[in-house]
Amino acid sequence: MYEPGLLYARSPEERRDPFVAWRREDKAFFASGACHILAHMFLSLHLDEGFELIYIRPKHNLPGNHLYASNGIWAFDFNGWTHEEELLSMTRQAYGEEYDGWDFERLVIKEGLPRFIAKGAHNLRPPESFPHPPLERAYKYI
């Protein structure tokens with residue numbers, strides 16, 4: 001069963017200190033704070049296979065941002081392979097129970113992760129801002 005990223009939310013200390021966040025288990029690391037790095041690495045390993053970078057953008061500025069790779073049927077994120085419908089349903093349920101009125105938009109990010117990060121509106125850290133190489137860690141996790 002799909003586990004939403006909410007279950008792995010970073011503590012205030014993990015949000016303040018990237019070295020503390022880095023020491024979390026891989027699943028927690030890629031569930032909260034580095035999902036975009038994992039999705040980017042997955043896409044670079046599966047070029048021309050029909051996968052796209054998908055962004056769950058919560059409405060009303062609520063928590064719950066998430067990026068993953070999907071071909072419209074299957075999704076890949078910190079849980080591994082999941083039917084995308086299950087990922088979206090379980091995410092909506094978990095965040096909806098925690099935040100009244102929580103809902104999201106499912107957006108396909110066409111410009112790629114580096115340009116998406118450069119826009120700056122999403123608080124995503126570029127790979128070089130992590131204390132150690134996150135793309136290497138993502139490669140090993142995949």
# chains A, B, ... in the order shown; residues from 1 in each chain; ligands from 1
>>> select_by_dssp(residues="chain A", states="strand (DSSP E)", output="PyMOL selection string")
chain A and resi 52-58+66-70+74-77+80-83+104-109
>>> residues_around(residues="Leu47 of chain A", least_positions_apart="6", cutoff="12 Å", atoms="only C-alpha atoms", output="VMD selection string")
chain A and resid 40 to 41 53 69 71
>>> closest_residue(among="A:Tyr68, A:His122, A:Ser44, A:Arg137", to="His83 of chain A", atoms="only C-alpha atoms")
A:Tyr68
>>> atom_distance(atom1="atom CA of Tyr55 of chain A", atom2="atom CA of Arg106 of chain A")
5.8 Å
>>> residues_around(residues="Ala21 of chain A", least_positions_apart="2", cutoff="10 Å", atoms="only C-alpha atoms", output="list in words")
Arg10, Ser11, Pro12, Glu13, Glu14, Arg15, Arg16, Asp17, Pro18, Phe19, Arg23, Arg24, Glu25, Ala28, Phe29, Ser32, Gly33, Ala34, Phe130 and Pro131 of chain A
>>> select_by_dssp(residues="segment 52-114 of chain A", states="alpha helix (DSSP H)", output="list in words")
Glu84, Glu85, Glu86, Leu87, Leu88, Ser89, Met90, Thr91, Arg92, Gln93, Ala94, Tyr95, Gly96, Glu97, Glu98, Leu113 and Pro114 of chain A
>>> write_last_selection(atoms="N, CA, C and O atoms", output="compact mmCIF listing (two decimals), in the first residue's frame")
# COMPACT_ATOMS: atom_id res chain seq x y z
N GLU A 84 -0.45 5.25 -10.40
CA GLU A 84 -0.56 6.68 -10.12
C GLU A 84 -1.88 7.03 -9.43
O GLU A 84 -1.91 7.88 -8.54
N GLU A 85 -2.96 6.37 -9.81
CA GLU A 85 -4.24 6.65 -9.15
C GLU A 85 -4.16 6.40 -7.65
O GLU A 85 -4.73 7.15 -6.85
N GLU A 86 -3.45 5.34 -7.23
CA GLU A 86 -3.31 5.05 -5.81
C GLU A 86 -2.45 6.13 -5.13
O GLU A 86 -2.78 6.59 -4.04
N LEU A 87 -1.36 6.53 -5.77
CA LEU A 87 -0.51 7.58 -5.22
C LEU A 87 -1.34 8.84 -4.97
O LEU A 87 -1.29 9.42 -3.88
N LEU A 88 -2.11 9.26 -5.96
CA LEU A 88 -2.90 10.48 -5.83
C LEU A 88 -4.00 10.34 -4.79
O LEU A 88 -4.23 11.24 -3.98
N SER A 89 -4.67 9.21 -4.78
CA SER A 89 -5.75 8.97 -3.83
C SER A 89 -5.25 8.94 -2.39
O SER A 89 -5.84 9.58 -1.50
N MET A 90 -4.17 8.22 -2.14
CA MET A 90 -3.64 8.10 -0.79
C MET A 90 -3.05 9.43 -0.31
O MET A 90 -3.15 9.77 0.87
N THR A 91 -2.45 10.18 -1.23
CA THR A 91 -1.93 11.50 -0.87
C THR A 91 -3.06 12.43 -0.50
O THR A 91 -3.00 13.12 0.52
N ARG A 92 -4.10 12.45 -1.31
CA ARG A 92 -5.26 13.30 -1.03
C ARG A 92 -5.88 12.93 0.32
O ARG A 92 -6.23 13.80 1.12
N GLN A 93 -6.02 11.65 0.59
CA GLN A 93 -6.62 11.20 1.84
C GLN A 93 -5.77 11.62 3.04
O GLN A 93 -6.29 12.17 4.01
N ALA A 94 -4.47 11.35 3.00
CA ALA A 94 -3.60 11.64 4.13
C ALA A 94 -3.53 13.14 4.44
O ALA A 94 -3.69 13.56 5.58
N TYR A 95 -3.31 13.94 3.42
CA TYR A 95 -3.22 15.38 3.65
C TYR A 95 -4.58 15.99 3.96
O TYR A 95 -4.67 16.94 4.73
N GLY A 96 -5.63 15.43 3.39
CA GLY A 96 -6.98 15.91 3.69
C GLY A 96 -7.37 15.68 5.13
O GLY A 96 -8.11 16.48 5.72
N GLU A 97 -6.88 14.59 5.72
CA GLU A 97 -7.15 14.33 7.13
C GLU A 97 -6.36 15.27 8.04
O GLU A 97 -6.78 15.58 9.14
N GLU A 98 -5.22 15.71 7.57
CA GLU A 98 -4.34 16.57 8.37
C GLU A 98 -4.65 18.06 8.19
O GLU A 98 -4.52 18.84 9.13
N LEU A 113 13.69 19.60 -14.48
CA LEU A 113 13.89 19.99 -13.09
C LEU A 113 14.78 21.23 -12.92
O LEU A 113 14.42 22.13 -12.16
N PRO A 114 15.93 21.32 -13.59
CA PRO A 114 16.77 22.51 -13.35
C PRO A 114 16.05 23.84 -13.62
O PRO A 114 16.13 24.77 -12.82
>>> closest_residue(among="A:Phe30, A:Phe51, A:Phe116, A:Tyr139", to="Asn79 of chain A", atoms="only C-alpha atoms")
A:Phe30
>>> closest_residue(among="A:Ala138, A:Val20, A:Ile56, A:Ile37", to="Pro4 of chain A", atoms="only C-alpha atoms")
A:Ile56
>>> closest_residue(among="A:Leu45, A:Leu67, A:Met1, A:His132", to="Val108 of chain A", atoms="only C-alpha atoms")
A:Leu67
>>> atom_distance(atom1="atom CA of Gly5 of chain A", atom2="atom CA of Ala31 of chain A")
4.9 Å
>>> closest_residue(among="A:Phe42, A:Asp48, A:Glu105, A:Leu6", to="Pro63 of chain A", atoms="only C-alpha atoms")
A:Leu6
>>> atom_distance(atom1="atom CA of Leu43 of chain A", atom2="atom CA of Lys110 of chain A")
12.0 Å
>>> closest_residue(among="A:Gly101, A:Pro126, A:Gly80, A:Gly112", to="Leu62 of chain A", atoms="only C-alpha atoms")
A:Gly101
>>> decode(residues="segment 11-23 of chain A", atoms="N, CA and C atoms", output="compact mmCIF listing (two decimals), in the first residue's frame")
# COMPACT_ATOMS: atom_id res chain seq x y z
N SER A 11 11.37 16.96 10.59
CA SER A 11 11.22 17.68 11.86
C SER A 11 11.72 19.11 11.67
N PRO A 12 11.39 20.00 12.59
CA PRO A 12 11.94 21.37 12.50
C PRO A 12 13.48 21.37 12.44
N GLU A 13 14.12 20.51 13.20
CA GLU A 13 15.59 20.44 13.16
C GLU A 13 16.08 19.98 11.79
N GLU A 14 15.40 18.99 11.20
CA GLU A 14 15.78 18.50 9.87
C GLU A 14 15.57 19.58 8.82
N ARG A 15 14.60 20.44 9.00
CA ARG A 15 14.37 21.54 8.06
C ARG A 15 15.46 22.61 8.19
N ARG A 16 15.94 22.82 9.41
CA ARG A 16 16.97 23.84 9.65
C ARG A 16 18.37 23.38 9.25
N ASP A 17 18.66 22.10 9.46
CA ASP A 17 20.02 21.61 9.30
C ASP A 17 20.07 20.54 8.21
N PRO A 18 20.64 20.87 7.05
CA PRO A 18 20.68 19.89 5.96
C PRO A 18 21.51 18.64 6.27
N PHE A 19 22.46 18.75 7.20
CA PHE A 19 23.25 17.58 7.58
C PHE A 19 22.42 16.60 8.40
N VAL A 20 21.56 17.12 9.25
CA VAL A 20 20.65 16.27 10.02
C VAL A 20 19.66 15.60 9.06
N ALA A 21 19.12 16.37 8.13
CA ALA A 21 18.19 15.81 7.14
C ALA A 21 18.86 14.73 6.30
N TRP A 22 20.12 14.95 5.96
CA TRP A 22 20.86 13.99 5.14
C TRP A 22 20.99 12.63 5.83
N ARG A 23 21.05 12.62 7.14
CA ARG A 23 21.27 11.37 7.88
C ARG A 23 20.02 10.50 8.00
